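What follows is the content of entry-v4.cif, which has mmCIF, C-alpha atoms:
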```
data_protein
#
loop_
_atom_site.label_atom_id
_atom_site.label_comp_id
_atom_site.auth_asym_id
_atom_site.auth_seq_id
_atom_site.Cartn_x
_atom_site.Cartn_y
_atom_site.Cartn_z
CA MET U 625 62.11 41.55 1.56
CA PRO U 626 63.67 38.19 2.31
CA ARG U 627 66.86 37.54 0.43
CA ALA U 628 66.73 34.67 -2.07
CA SER U 629 69.16 31.82 -1.84
CA THR U 630 72.39 32.81 -3.55
CA THR U 631 74.66 30.15 -4.91
CA PRO U 632 78.43 30.59 -4.78
CA ARG U 633 78.56 30.76 -8.59
CA ALA U 634 75.99 33.55 -8.82
CA ARG U 635 77.72 35.65 -6.16
CA HIS U 636 81.27 35.40 -7.38
CA ARG U 637 81.17 34.58 -11.09
CA SER U 638 83.38 37.56 -11.92
CA ALA U 639 85.69 37.18 -8.94
CA ARG U 640 86.64 33.56 -9.44
CA ARG U 641 90.09 32.82 -10.88
CA ARG U 642 89.60 29.91 -13.26
CA PRO U 643 91.09 30.98 -15.36
CA GLN U 644 96.02 1.60 -40.13
CA GLY U 645 99.35 0.52 -38.96
CA VAL U 646 100.90 3.30 -36.99
CA PRO U 647 99.27 6.64 -37.72
CA SER U 648 101.42 9.77 -38.00
CA PHE U 649 102.09 10.95 -34.48
CA VAL U 650 102.95 14.47 -35.50
CA ARG U 651 99.97 15.37 -37.59
CA SER U 652 97.59 18.31 -37.33
CA THR U 653 96.88 19.05 -33.69
CA VAL U 654 93.33 20.34 -33.54
CA PRO U 655 91.92 21.47 -30.17
CA HIS U 656 89.07 19.56 -28.65
CA GLY U 657 85.84 20.52 -30.36
CA SER U 658 87.54 22.11 -33.37
CA THR U 659 87.42 20.72 -36.87
CA SER U 660 90.10 22.80 -38.60
CA LEU U 661 92.82 25.32 -37.97
CA GLN U 662 90.44 28.01 -39.23
CA ASP U 663 88.62 27.62 -35.92
CA LEU U 664 91.66 29.02 -34.09
CA PRO U 665 92.03 32.75 -33.40
CA SER U 666 93.83 34.83 -36.05
CA ASP U 667 96.13 36.51 -33.51
CA PRO U 668 99.31 34.36 -33.37
CA LEU U 669 99.67 34.70 -29.59
CA LEU U 670 96.04 33.76 -28.98
CA ARG U 671 96.47 30.83 -31.37
CA ALA U 672 99.51 29.69 -29.42
CA MET U 673 97.74 30.00 -26.07
CA HIS U 674 94.83 27.99 -27.48
CA ILE U 675 96.95 25.25 -29.04
CA LEU U 676 99.19 24.91 -25.96
CA HIS U 677 96.29 24.58 -23.54
CA VAL U 678 96.23 21.22 -21.78
CA GLY U 679 92.55 20.91 -22.69
CA ALA U 680 93.32 21.12 -26.43
CA ARG U 681 93.23 17.48 -27.51
CA PRO U 682 95.58 16.47 -30.31
CA ASP U 683 94.55 13.73 -32.73
CA ALA U 684 97.63 11.80 -31.61
CA LEU U 685 100.61 12.31 -29.34
CA PRO U 686 104.25 12.58 -30.43
CA CYS U 687 106.95 10.39 -28.90
CA ARG U 688 104.69 7.44 -28.11
CA GLU U 689 105.02 5.47 -31.37
CA ASP U 690 106.54 2.39 -29.71
CA GLU U 691 103.94 2.31 -26.94
CA TYR U 692 101.18 2.76 -29.54
CA ILE U 693 102.44 -0.32 -31.40
CA GLU U 694 102.52 -2.34 -28.17
CA VAL U 695 99.00 -1.36 -27.10
CA MET U 696 97.60 -1.82 -30.61
CA GLY U 697 99.25 -5.24 -30.98
CA ALA U 698 97.95 -6.48 -27.63
CA ILE U 699 94.33 -5.42 -28.18
CA LEU U 700 94.16 -6.31 -31.88
CA GLY U 701 95.56 -9.76 -31.15
CA LEU U 702 92.87 -10.43 -28.55
CA LEU U 703 90.11 -9.18 -30.85
CA GLU U 704 91.26 -11.42 -33.69
CA GLU U 705 91.64 -14.42 -31.37
CA GLU U 706 88.12 -13.72 -30.03
CA SER U 707 89.42 -14.10 -26.50
CA GLY U 708 89.53 -12.01 -23.35
CA GLY U 709 92.58 -10.54 -21.70
CA CYS U 710 94.09 -7.75 -19.61
CA VAL U 711 96.46 -5.01 -20.73
CA TYR U 712 97.97 -3.17 -17.77
CA ILE U 713 99.42 0.24 -18.62
CA SER U 714 101.39 2.09 -15.96
CA GLY U 715 103.36 5.30 -15.73
CA VAL U 716 103.45 8.58 -13.86
CA PRO U 717 100.78 11.17 -14.74
CA GLY U 718 101.22 13.22 -17.89
CA THR U 719 103.04 10.60 -19.95
CA GLY U 720 100.40 10.02 -22.64
CA LYS U 721 98.88 6.76 -21.40
CA THR U 722 95.21 7.61 -21.88
CA ALA U 723 95.82 9.62 -25.06
CA THR U 724 97.61 6.64 -26.60
CA VAL U 725 94.76 4.27 -25.69
CA HIS U 726 92.24 6.69 -27.21
CA ALA U 727 94.28 6.78 -30.44
CA VAL U 728 94.39 2.97 -30.55
CA VAL U 729 90.65 2.60 -29.92
CA LYS U 730 89.88 5.20 -32.60
CA GLU U 731 91.94 3.26 -35.14
CA LEU U 732 90.43 -0.10 -34.10
CA ARG U 733 86.93 1.30 -34.56
CA ALA U 734 87.87 2.48 -38.06
CA MET U 735 89.33 -0.96 -38.83
CA ALA U 736 86.15 -2.64 -37.64
CA GLU U 737 84.08 -0.38 -39.91
CA ARG U 738 86.29 -1.49 -42.81
CA SER U 739 85.80 -5.15 -41.74
CA GLU U 740 89.53 -5.44 -41.04
CA THR U 741 88.94 -6.71 -37.51
CA ASN U 742 86.06 -7.91 -35.37
CA HIS U 743 83.49 -5.43 -34.13
CA PHE U 744 83.47 -4.55 -30.42
CA THR U 745 81.68 -2.41 -27.88
CA TYR U 746 83.86 0.19 -26.17
CA VAL U 747 83.29 1.16 -22.55
CA GLU U 748 85.24 3.81 -20.65
CA ILE U 749 85.26 3.85 -16.86
CA ASN U 750 87.20 6.63 -15.12
CA GLY U 751 87.94 6.11 -11.44
CA LEU U 752 87.83 9.87 -10.85
CA LYS U 753 84.33 10.22 -12.28
CA ILE U 754 82.34 7.59 -10.42
CA PRO U 755 81.05 8.03 -6.87
CA GLU U 756 82.58 4.79 -5.57
CA PRO U 757 84.59 1.91 -7.04
CA SER U 758 81.63 -0.53 -7.11
CA ALA U 759 79.75 1.87 -9.43
CA ALA U 760 81.97 0.47 -12.21
CA TYR U 761 79.82 -2.68 -12.24
CA ALA U 762 76.69 -0.81 -13.33
CA LEU U 763 78.55 0.99 -16.13
CA LEU U 764 79.83 -2.29 -17.56
CA TRP U 765 76.45 -3.98 -17.20
CA GLU U 766 74.77 -1.16 -19.16
CA ALA U 767 77.07 -1.97 -22.11
CA VAL U 768 76.76 -5.74 -21.81
CA SER U 769 72.96 -5.59 -21.59
CA GLY U 770 72.75 -3.31 -24.65
CA HIS U 771 71.16 -0.46 -22.72
CA ASP U 772 71.22 2.87 -24.59
CA VAL U 773 72.34 5.43 -22.02
CA ASP U 774 72.07 8.37 -24.44
CA GLU U 775 68.43 7.60 -25.20
CA GLU U 776 67.19 6.22 -21.89
CA GLY U 777 69.61 7.46 -19.24
CA HIS U 778 71.47 5.28 -16.78
CA LEU U 779 69.95 2.04 -15.55
CA GLU U 780 68.51 2.03 -12.07
CA VAL U 781 70.45 -1.01 -10.91
CA SER U 782 72.44 -1.37 -7.72
CA SER U 783 76.12 -2.23 -7.77
CA LYS U 784 75.34 -5.53 -6.04
CA GLU U 785 72.75 -6.51 -8.66
CA ALA U 786 75.00 -5.41 -11.53
CA LEU U 787 77.83 -7.55 -10.13
CA LYS U 788 75.51 -10.55 -9.88
CA ARG U 789 74.38 -10.17 -13.51
CA LEU U 790 77.95 -9.71 -14.76
CA ASN U 791 79.11 -12.83 -12.94
CA GLN U 792 76.26 -14.79 -14.51
CA TYR U 793 76.95 -13.36 -17.98
CA PHE U 794 80.68 -14.03 -18.05
CA ALA U 795 80.38 -17.42 -16.37
CA VAL U 796 77.44 -18.71 -18.43
CA GLY U 797 76.01 -16.25 -20.93
CA ALA U 798 79.23 -15.44 -22.78
CA SER U 799 79.95 -19.11 -23.45
CA ALA U 800 76.38 -19.89 -24.52
CA GLY U 801 76.70 -18.18 -27.89
CA PRO U 802 79.02 -16.24 -30.18
CA GLY U 803 78.80 -13.12 -28.03
CA ARG U 804 80.23 -9.68 -28.71
CA ALA U 805 83.67 -8.42 -27.77
CA TYR U 806 83.93 -5.69 -25.15
CA VAL U 807 86.91 -3.38 -24.81
CA VAL U 808 86.89 -1.65 -21.43
CA LEU U 809 89.24 1.20 -20.56
CA MET U 810 89.58 1.47 -16.79
CA ASP U 811 91.29 4.83 -16.43
CA GLU U 812 92.64 6.12 -13.12
CA LEU U 813 92.62 2.55 -11.81
CA ASP U 814 94.33 3.70 -8.61
CA GLN U 815 91.02 5.31 -7.63
CA LEU U 816 89.23 1.93 -7.68
CA VAL U 817 91.37 0.40 -4.93
CA THR U 818 89.30 -0.84 -1.97
CA SER U 819 90.20 -2.60 1.25
CA LYS U 820 89.03 -5.92 -0.19
CA GLN U 821 90.36 -5.12 -3.70
CA ASP U 822 87.28 -6.91 -5.06
CA VAL U 823 86.45 -4.43 -7.86
CA ILE U 824 89.88 -4.58 -9.49
CA TYR U 825 90.07 -8.34 -8.96
CA ASN U 826 86.72 -8.96 -10.69
CA PHE U 827 87.62 -6.81 -13.70
CA PHE U 828 90.96 -8.62 -14.00
CA ASN U 829 89.35 -12.05 -13.52
CA TRP U 830 86.40 -11.88 -15.95
CA PRO U 831 88.64 -11.68 -19.07
CA SER U 832 90.20 -15.03 -18.07
CA LEU U 833 86.86 -16.86 -18.19
CA SER U 834 86.23 -19.01 -21.25
CA LYS U 835 84.86 -17.10 -24.26
CA SER U 836 84.27 -13.95 -22.24
CA LYS U 837 85.66 -11.76 -25.05
CA LEU U 838 86.24 -9.07 -22.42
CA ILE U 839 89.38 -7.02 -22.98
CA VAL U 840 90.29 -4.78 -20.04
CA ILE U 841 92.78 -1.97 -20.55
CA ALA U 842 93.78 -0.84 -17.07
CA VAL U 843 95.59 2.51 -16.82
CA ALA U 844 97.25 3.37 -13.53
CA ASN U 845 99.95 5.61 -12.11
CA THR U 846 101.57 2.80 -10.11
CA HIS U 847 103.33 -0.17 -11.69
CA ASP U 848 102.85 -2.63 -8.82
CA LEU U 849 99.06 -2.48 -8.41
CA PRO U 850 98.51 -6.06 -9.70
CA GLU U 851 100.99 -7.34 -7.11
CA ARG U 852 99.03 -5.61 -4.36
CA VAL U 853 95.65 -6.89 -5.59
CA MET U 854 96.28 -10.58 -6.31
CA SER U 855 98.69 -13.41 -5.67
CA GLY U 856 101.38 -14.57 -8.08
CA LYS U 857 99.39 -17.69 -9.04
CA VAL U 858 96.36 -15.60 -9.96
CA ARG U 859 98.46 -13.10 -11.96
CA SER U 860 100.05 -15.99 -13.84
CA ARG U 861 96.64 -17.47 -14.67
CA LEU U 862 95.36 -14.16 -15.98
CA GLY U 863 98.28 -13.76 -18.39
CA MET U 864 98.33 -9.97 -18.14
CA VAL U 865 100.19 -7.90 -20.76
CA ARG U 866 102.12 -5.08 -19.05
CA ILE U 867 103.25 -1.88 -20.77
CA ASN U 868 105.10 0.88 -18.95
CA PHE U 869 105.18 4.51 -20.09
CA HIS U 870 108.38 6.22 -18.97
CA PRO U 871 108.44 9.95 -18.14
CA TYR U 872 109.24 12.18 -21.10
CA ASN U 873 112.83 13.38 -21.45
CA THR U 874 113.89 16.88 -22.48
CA GLY U 875 113.95 16.15 -26.21
CA GLN U 876 110.53 14.53 -26.16
CA LEU U 877 108.95 17.42 -24.25
CA GLN U 878 110.43 19.82 -26.82
CA LYS U 879 108.97 17.74 -29.63
CA ILE U 880 105.52 17.75 -28.02
CA VAL U 881 105.49 21.56 -27.76
CA HIS U 882 106.86 22.13 -31.26
CA ALA U 883 104.40 19.60 -32.75
CA ARG U 884 101.51 21.65 -31.40
CA LEU U 885 102.99 24.95 -32.54
CA ASP U 886 103.89 23.56 -35.98
CA SER U 887 100.32 22.37 -36.46
CA ALA U 888 99.26 26.02 -36.27
CA ASN U 889 102.32 27.32 -38.20
CA LEU U 890 103.60 29.17 -35.15
CA SER U 891 106.97 27.82 -33.92
CA SER U 892 109.25 30.47 -35.42
CA GLN U 893 106.86 33.30 -34.57
CA ILE U 894 106.48 32.78 -30.83
CA PHE U 895 109.53 31.23 -29.13
CA GLU U 896 113.24 31.91 -29.33
CA GLN U 897 115.26 28.82 -30.21
CA ASP U 898 116.30 27.77 -26.70
CA ALA U 899 113.28 28.94 -24.69
CA VAL U 900 111.26 25.73 -25.11
CA LYS U 901 114.40 23.64 -24.50
CA PHE U 902 115.06 25.44 -21.21
CA GLY U 903 111.50 24.81 -19.99
CA ALA U 904 111.68 21.18 -21.11
CA MET U 905 114.93 20.69 -19.17
CA LYS U 906 113.34 22.07 -16.01
CA VAL U 907 110.21 19.93 -16.32
CA SER U 908 112.03 16.71 -17.24
CA SER U 909 114.31 17.10 -14.21
CA VAL U 910 111.27 17.07 -11.92
CA SER U 911 108.48 15.00 -13.47
CA GLY U 912 108.63 14.51 -17.25
CA ASP U 913 104.97 15.55 -17.31
CA ALA U 914 103.86 16.80 -20.75
CA ARG U 915 101.02 18.78 -19.20
CA ARG U 916 103.50 20.77 -17.12
CA ILE U 917 105.61 21.90 -20.08
CA LEU U 918 102.48 22.85 -22.02
CA ASP U 919 101.30 24.90 -19.07
CA VAL U 920 104.69 26.60 -18.68
CA CYS U 921 104.84 27.50 -22.39
CA ARG U 922 101.26 28.73 -22.48
CA ARG U 923 101.82 30.97 -19.46
CA ALA U 924 105.01 32.30 -21.07
CA VAL U 925 102.98 33.28 -24.15
CA GLU U 926 100.43 34.99 -21.89
CA PHE U 927 103.30 36.89 -20.27
CA ILE U 928 104.76 38.31 -23.51
CA ARG U 929 101.28 39.18 -24.71
CA SER U 930 100.77 41.32 -21.62
CA THR U 931 104.21 42.96 -21.91
CA ASN U 932 104.34 43.33 -25.72
CA ALA U 933 107.63 41.43 -25.89
CA PRO U 934 108.35 40.17 -29.44
CA LEU U 935 109.24 36.55 -28.56
CA VAL U 936 109.25 34.19 -25.60
CA GLN U 937 112.81 34.12 -24.29
CA ILE U 938 114.51 32.00 -21.63
CA VAL U 939 114.12 34.81 -19.12
CA HIS U 940 110.34 34.72 -19.60
CA VAL U 941 110.23 30.97 -19.04
CA LYS U 942 112.32 31.41 -15.87
CA GLN U 943 109.88 34.02 -14.59
CA VAL U 944 106.87 31.78 -15.29
CA ILE U 945 108.42 28.79 -13.49
CA ALA U 946 109.35 30.97 -10.51
CA ALA U 947 105.84 32.41 -10.35
CA MET U 948 104.30 28.93 -10.47
CA GLN U 949 106.52 27.80 -7.61
CA ASN U 950 105.93 30.91 -5.51
CA SER U 951 102.34 31.77 -6.33
CA PRO U 952 99.97 33.13 -3.65
CA THR U 953 98.00 29.89 -3.90
CA ALA U 954 101.15 27.86 -3.22
CA ALA U 955 102.03 30.04 -0.24
CA TYR U 956 98.49 29.71 1.14
CA LEU U 957 98.40 25.93 0.76
CA GLN U 958 101.77 25.61 2.51
CA ASP U 959 100.12 26.99 5.65
CA CYS U 960 96.94 24.89 5.44
CA SER U 961 96.33 22.15 7.98
CA LEU U 962 96.20 18.50 6.96
CA HIS U 963 92.38 18.47 7.05
CA GLU U 964 92.14 21.71 5.06
CA LYS U 965 94.31 20.14 2.35
CA ILE U 966 92.27 16.94 2.39
CA MET U 967 89.04 18.92 2.11
CA LEU U 968 90.34 20.83 -0.90
CA ALA U 969 91.42 17.55 -2.48
CA SER U 970 87.97 16.09 -1.73
CA LEU U 971 86.23 19.03 -3.39
CA LEU U 972 88.47 18.66 -6.46
CA LYS U 973 87.62 14.96 -6.64
CA CYS U 974 83.88 15.72 -6.50
CA VAL U 975 84.18 18.38 -9.21
CA LYS U 976 85.94 15.93 -11.54
CA ARG U 977 83.43 13.20 -10.81
CA GLU U 978 80.28 15.30 -11.14
CA GLY U 979 81.46 17.52 -13.98
CA VAL U 980 80.07 20.63 -12.26
CA ASP U 981 81.65 23.26 -10.01
CA GLU U 982 78.99 23.51 -7.31
CA ILE U 983 79.08 20.46 -5.05
CA ARG U 984 76.86 19.27 -2.18
CA TRP U 985 78.57 19.66 1.17
CA GLY U 986 77.50 16.12 2.07
CA ASP U 987 79.40 14.74 -0.94
CA VAL U 988 82.54 16.62 0.09
CA THR U 989 82.44 15.28 3.65
CA HIS U 990 81.88 11.73 2.38
CA GLN U 991 84.92 12.01 0.09
CA HIS U 992 86.94 13.56 2.93
CA LEU U 993 86.41 10.49 5.10
CA ILE U 994 87.40 8.22 2.20
CA TYR U 995 90.60 10.20 1.65
CA MET U 996 91.49 9.84 5.34
CA ASN U 997 92.48 6.24 4.49
CA ILE U 998 94.49 7.29 1.45
CA LEU U 999 96.14 10.65 2.02
CA THR U 1000 97.32 10.41 5.61
CA GLY U 1001 100.96 9.52 6.23
CA GLU U 1002 102.51 7.39 8.96
CA ASP U 1003 102.87 10.34 11.33
CA ASP U 1004 99.43 11.85 10.64
CA PRO U 1005 96.44 11.30 12.93
CA LYS U 1006 94.20 8.49 11.72
CA ARG U 1007 91.03 9.38 13.66
CA LYS U 1008 88.27 10.43 11.32
CA PRO U 1009 86.82 13.88 12.10
CA THR U 1010 83.23 14.37 13.23
CA ASN U 1011 80.71 16.42 11.26
CA ILE U 1012 81.22 19.33 13.64
CA GLU U 1013 84.98 19.19 13.14
CA LEU U 1014 84.55 19.08 9.36
CA CYS U 1015 82.31 22.14 9.55
CA LEU U 1016 85.09 23.95 11.42
CA VAL U 1017 87.52 23.05 8.64
CA LEU U 1018 85.05 24.41 6.09
CA GLU U 1019 84.64 27.62 8.08
CA SER U 1020 88.40 28.13 8.03
CA LEU U 1021 88.60 27.64 4.26
CA ALA U 1022 85.57 29.87 3.74
CA ALA U 1023 87.09 32.60 5.91
CA SER U 1024 90.14 32.71 3.63
CA ARG U 1025 87.87 32.63 0.54
CA ALA U 1026 89.42 29.41 -0.74
CA ILE U 1027 85.93 27.87 -0.71
CA LEU U 1028 82.61 29.70 -1.09
CA VAL U 1029 79.47 28.44 0.63
CA GLU U 1030 75.87 28.86 -0.52
CA GLU U 1031 74.14 31.62 1.42
CA GLY U 1032 70.68 33.15 1.80
CA VAL U 1033 67.33 32.41 3.40
CA LEU U 1034 66.48 29.45 1.19
CA ALA U 1035 69.95 27.99 1.62
CA SER U 1036 69.61 28.18 5.40
CA ARG U 1037 66.45 26.05 5.19
CA LYS U 1038 68.22 23.24 3.38
CA PRO U 1039 69.61 20.23 5.23
CA GLN U 1040 73.26 20.97 5.95
CA GLY U 1041 74.50 18.27 3.59
CA ASP U 1042 72.52 19.74 0.65
CA ARG U 1043 74.10 23.20 0.75
CA ARG U 1044 76.48 23.87 -2.12
CA VAL U 1045 80.16 24.76 -1.96
CA ILE U 1046 82.53 25.83 -4.72
CA LEU U 1047 86.29 26.15 -5.09
CA ASN U 1048 87.33 29.81 -5.31
CA VAL U 1049 90.96 29.30 -6.37
CA GLU U 1050 92.33 27.91 -9.64
CA ALA U 1051 91.78 24.15 -9.61
CA GLY U 1052 94.85 23.26 -11.63
CA GLU U 1053 97.10 25.25 -9.31
CA VAL U 1054 95.63 23.56 -6.23
CA GLU U 1055 96.13 20.14 -7.81
CA ARG U 1056 99.72 20.93 -8.72
CA VAL U 1057 100.72 22.32 -5.33
CA LEU U 1058 98.97 19.63 -3.27
CA SER U 1059 100.51 16.86 -5.38
CA ASP U 1060 103.98 18.41 -5.13
CA MET U 1061 103.68 18.75 -1.36
CA GLY U 1062 101.95 15.45 -0.66
CA GLY U 1063 103.96 13.05 -2.81
CA GLN U 1064 102.87 10.05 -4.82
CA ASN U 1065 99.72 9.17 -2.84
CA TRP U 1066 98.36 12.68 -3.39
CA LYS U 1067 99.35 12.61 -7.07
CA ASN U 1068 97.52 9.32 -7.53
CA ALA U 1069 94.44 10.55 -5.66
CA LEU U 1070 94.31 13.81 -7.60
CA GLY U 1071 95.14 12.19 -10.93
CA VAL U 1072 97.92 14.71 -11.45
#
```

Here is a file; write its structure as structure tokens.
Amino acid sequence: MPRASTTPRARHRSARRRPQGVPSFVRSTVPHGSTSLQDLPSDPLLRAMHILHVGARPDALPCREDEYIEVMGAILGLLEEESGGCVYISGVPGTGKTATVHAVVKELRAMAERSETNHFTYVEINGLKIPEPSAAYALLWEAVSGHDVDEEGHLEVSSKEALKRLNQYFAVGASAGPGRAYVVLMDELDQLVTSKQDVIYNFFNWPSLSKSKLIVIAVANTHDLPERVMSGKVRSRLGMVRINFHPYNTGQLQKIVHARLDSANLSSQIFEQDAVKFGAMKVSSVSGDARRILDVCRRAVEFIRSTNAPLVQIVHVKQVIAAMQNSPTAAYLQDCSLHEKIMLASLLKCVKREGVDEIRWGDVTHQHLIYMNILTGEDDPKRKPTNIELCLVLESLAASRAILVEEGVLASRKPQGDRRVILNVEAGEVERVLSDMGGQNWKNALGV
């Protein structure tokens, strides 16, 4: 009997290793999707692992009170003036930029409901989740045109047509009547850079047009992106507000961890006094990334749970950090070729953008060629690989089981670009190791 097409997920599901004013910034930290602490597990260690997970979204973030005030003041001022403007937020990954913006927008929406400020439409565009930079035009046009995506799905409009309509609206339509304010968060702005820089330029330029009422909050990992996109005269005309988020220091990283644990009444039950401090010192000396300290502490809790140790001690944190630095995945990636690393990064990008694990091979190769312009260094070859060469790279990754490829009779009948591939190693670990090895360009590309 002919064998049915078998997707990578079906074949290796069990084998995959995936594992008003200023609000209080240290209030109850409830994981994403939860409504109360009663939703957390009763086991203290499981509660700690849950609350320390990077995916558990707190209502607000400690240690960003000053930045919150700056962002709130800039956006609220523009809303009350009924004018457009740009707020450029920069800082290395893991410093609370997006979380702070979300907290500000949440409060502004509540204020608007209480008639304490003007109403606005909120639009979020993430550079990691759209197929190409110009796709941002269609997302903004859907909001401006009043299209209900939840009810009717996305508009079938090309990027070129959406750009044309937006230019007409902000040049003519916005000034023809009272109009509605639009607050647009452009997250992962580094991903929207193009050779012509036209996408970023347009989004920065529209707020400067008379009565546009468009407020763009641009969040990026690099502080000098505006300098690279436009001239000094243009930047001066736009009147951009700039806010920089510095990396967290040791004390701030400690506070972030303890705020989460305190919200679940766990601090004194899980960690010895200096264990979190030791991990925070190590992380702050390298990156100041809050996600990294949360990951270290969560893994330390996993470790004592498996060994029945009473508390997380410094020695456990040391072991976790050493294991993260010397993991089998890290050792494997150290030996990968440049194109193997780029292909893994391309697959990660597609997974983030599509929101699913199984990705078309054609989408991966397309992203690979895009990344050739971004991730190659001065001494790396610049020639783009052919389809045959990319298939050889895939074969190498498949042979080591880093990537799984759709198999079976039905799969073999598909066009090559339609066959599905899936990452077979832990995505977060791949992101971390590639970004550590590749430097800032890789960190920006991976959004790490």

What's around Thr724 (chain U) at 12 Å? Count all atoms listed in the file, leave out sequence neighbours fewer than 2 positions away in its own chain, and write the answer as a PyMOL selection string. chain U and resi 646-647+649+681-696+713+718-722+726-731+809+841+843+867+869

When the PyMOL selection byres ((chain U and resi 764) around 12) is applied to the structure above, which residues does it catch, written out as a ChimeraX atom specification? /U:745-750,758-763,765-771,773,778-779,781,783,786-787,789-791,793-794,806-810,823,826-827,830,838-840

Would you translate the PyMOL selection byres ((chain U and resi 849) around 12) into the concrete set of residues it matches in this file, as number ranges by chain? U: 712-715, 812-818, 821, 824-825, 828, 842-848, 850-855, 859, 866, 1068

Just want the 12 Å neighbourhood of Val920 (chain U), counted on all atoms listed in the file, with same-chain residues fewer than 6 positions away dropped. Output as a PyMOL selection string. chain U and resi 673+676-678+877+881+899-907+913-914+926-927+936+938+940-949

Mind writing the picked residues with C-alpha atoms as a PDB file, in the coordinates of the input?
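result_35.pdb, written as the output of this step:
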```pdb
ATOM      1  CA  MET U 673      97.740  30.000 -26.070  1.00  0.00           C
ATOM      2  CA  LEU U 676      99.190  24.910 -25.960  1.00  0.00           C
ATOM      3  CA  HIS U 677      96.290  24.580 -23.540  1.00  0.00           C
ATOM      4  CA  VAL U 678      96.230  21.220 -21.780  1.00  0.00           C
ATOM      5  CA  LEU U 877     108.950  17.420 -24.250  1.00  0.00           C
ATOM      6  CA  VAL U 881     105.490  21.560 -27.760  1.00  0.00           C
ATOM      7  CA  ALA U 899     113.280  28.940 -24.690  1.00  0.00           C
ATOM      8  CA  VAL U 900     111.260  25.730 -25.110  1.00  0.00           C
ATOM      9  CA  LYS U 901     114.400  23.640 -24.500  1.00  0.00           C
ATOM     10  CA  PHE U 902     115.060  25.440 -21.210  1.00  0.00           C
ATOM     11  CA  GLY U 903     111.500  24.810 -19.990  1.00  0.00           C
ATOM     12  CA  ALA U 904     111.680  21.180 -21.110  1.00  0.00           C
ATOM     13  CA  MET U 905     114.930  20.690 -19.170  1.00  0.00           C
ATOM     14  CA  LYS U 906     113.340  22.070 -16.010  1.00  0.00           C
ATOM     15  CA  VAL U 907     110.210  19.930 -16.320  1.00  0.00           C
ATOM     16  CA  ASP U 913     104.970  15.550 -17.310  1.00  0.00           C
ATOM     17  CA  ALA U 914     103.860  16.800 -20.750  1.00  0.00           C
ATOM     18  CA  GLU U 926     100.430  34.990 -21.890  1.00  0.00           C
ATOM     19  CA  PHE U 927     103.300  36.890 -20.270  1.00  0.00           C
ATOM     20  CA  VAL U 936     109.250  34.190 -25.600  1.00  0.00           C
ATOM     21  CA  ILE U 938     114.510  32.000 -21.630  1.00  0.00           C
ATOM     22  CA  HIS U 940     110.340  34.720 -19.600  1.00  0.00           C
ATOM     23  CA  VAL U 941     110.230  30.970 -19.040  1.00  0.00           C
ATOM     24  CA  LYS U 942     112.320  31.410 -15.870  1.00  0.00           C
ATOM     25  CA  GLN U 943     109.880  34.020 -14.590  1.00  0.00           C
ATOM     26  CA  VAL U 944     106.870  31.780 -15.290  1.00  0.00           C
ATOM     27  CA  ILE U 945     108.420  28.790 -13.490  1.00  0.00           C
ATOM     28  CA  ALA U 946     109.350  30.970 -10.510  1.00  0.00           C
ATOM     29  CA  ALA U 947     105.840  32.410 -10.350  1.00  0.00           C
ATOM     30  CA  MET U 948     104.300  28.930 -10.470  1.00  0.00           C
ATOM     31  CA  GLN U 949     106.520  27.800  -7.610  1.00  0.00           C
TER      32      GLN U 949
END
```

Residue members of the PyMOL selection byres ((chain U and resi 996-1003) around 9) in the file shown, as an NGL selection string: :U and (962-963 or 966 or 991-995 or 1004-1008 or 1062 or 1065-1066 or 1069)

Compile the contact shell of Leu935 (chain U) as a short mmCIF file (atom, residue, chain, number, x, y, z; two decimals) with C-alpha atoms, in the coordinates of the input: residues with an atom at most 10 Å away, counting only C-alpha atoms, same-chain residues fewer than 5 positions apart removed.
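Written out: out08.cif:
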```
data_model
loop_
_atom_site.label_atom_id
_atom_site.label_comp_id
_atom_site.auth_asym_id
_atom_site.auth_seq_id
_atom_site.Cartn_x
_atom_site.Cartn_y
_atom_site.Cartn_z
CA LEU U 669 99.67 34.70 -29.59
CA SER U 892 109.25 30.47 -35.42
CA GLN U 893 106.86 33.30 -34.57
CA ILE U 894 106.48 32.78 -30.83
CA PHE U 895 109.53 31.23 -29.13
CA GLU U 896 113.24 31.91 -29.33
CA GLN U 897 115.26 28.82 -30.21
CA ALA U 899 113.28 28.94 -24.69
CA ALA U 924 105.01 32.30 -21.07
CA VAL U 925 102.98 33.28 -24.15
CA ILE U 928 104.76 38.31 -23.51
CA ARG U 929 101.28 39.18 -24.71
CA HIS U 940 110.34 34.72 -19.60
#
```

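Interatomic distance, CA of Asn1011 (chain U) against CA of Lys1038 (chain U): 16.3 Å.
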
Residues at most 9 Å from Val975 (chain U), counting all atoms listed in the file, excluding those fewer than 6 positions away in the same chain, as a CSV table (one decimal) with C-alpha atoms, keeping the file's coordinate frame?
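For reference, part-v8.csv as written:
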```
chain,number,residue,atom,x,y,z
U,753,LYS,CA,84.3,10.2,-12.3
U,981,ASP,CA,81.6,23.3,-10.0
U,982,GLU,CA,79.0,23.5,-7.3
U,983,ILE,CA,79.1,20.5,-5.0
U,1046,ILE,CA,82.5,25.8,-4.7
```

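The space between CA of Val988 (chain U) and CA of Ser911 (chain U) spans 29.3 Å.
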
Selected residue of minimal separation from Glu1050 (chain U) among U:Gln876, U:Ser951, U:Leu664, U:Ile917, counting all atoms listed in the file: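 Of the candidates, the smallest distance to Glu1050 (chain U) is held by U:Ser951.
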
Counting only C-alpha atoms, select every polymer residue within 12 Å of (90.6, 32.6, 4.0) as defined in the file's coordinates, and provide the selection as a ChimeraX atom specification. /U:953,956-957,959-960,964,1017-1028,1047-1049
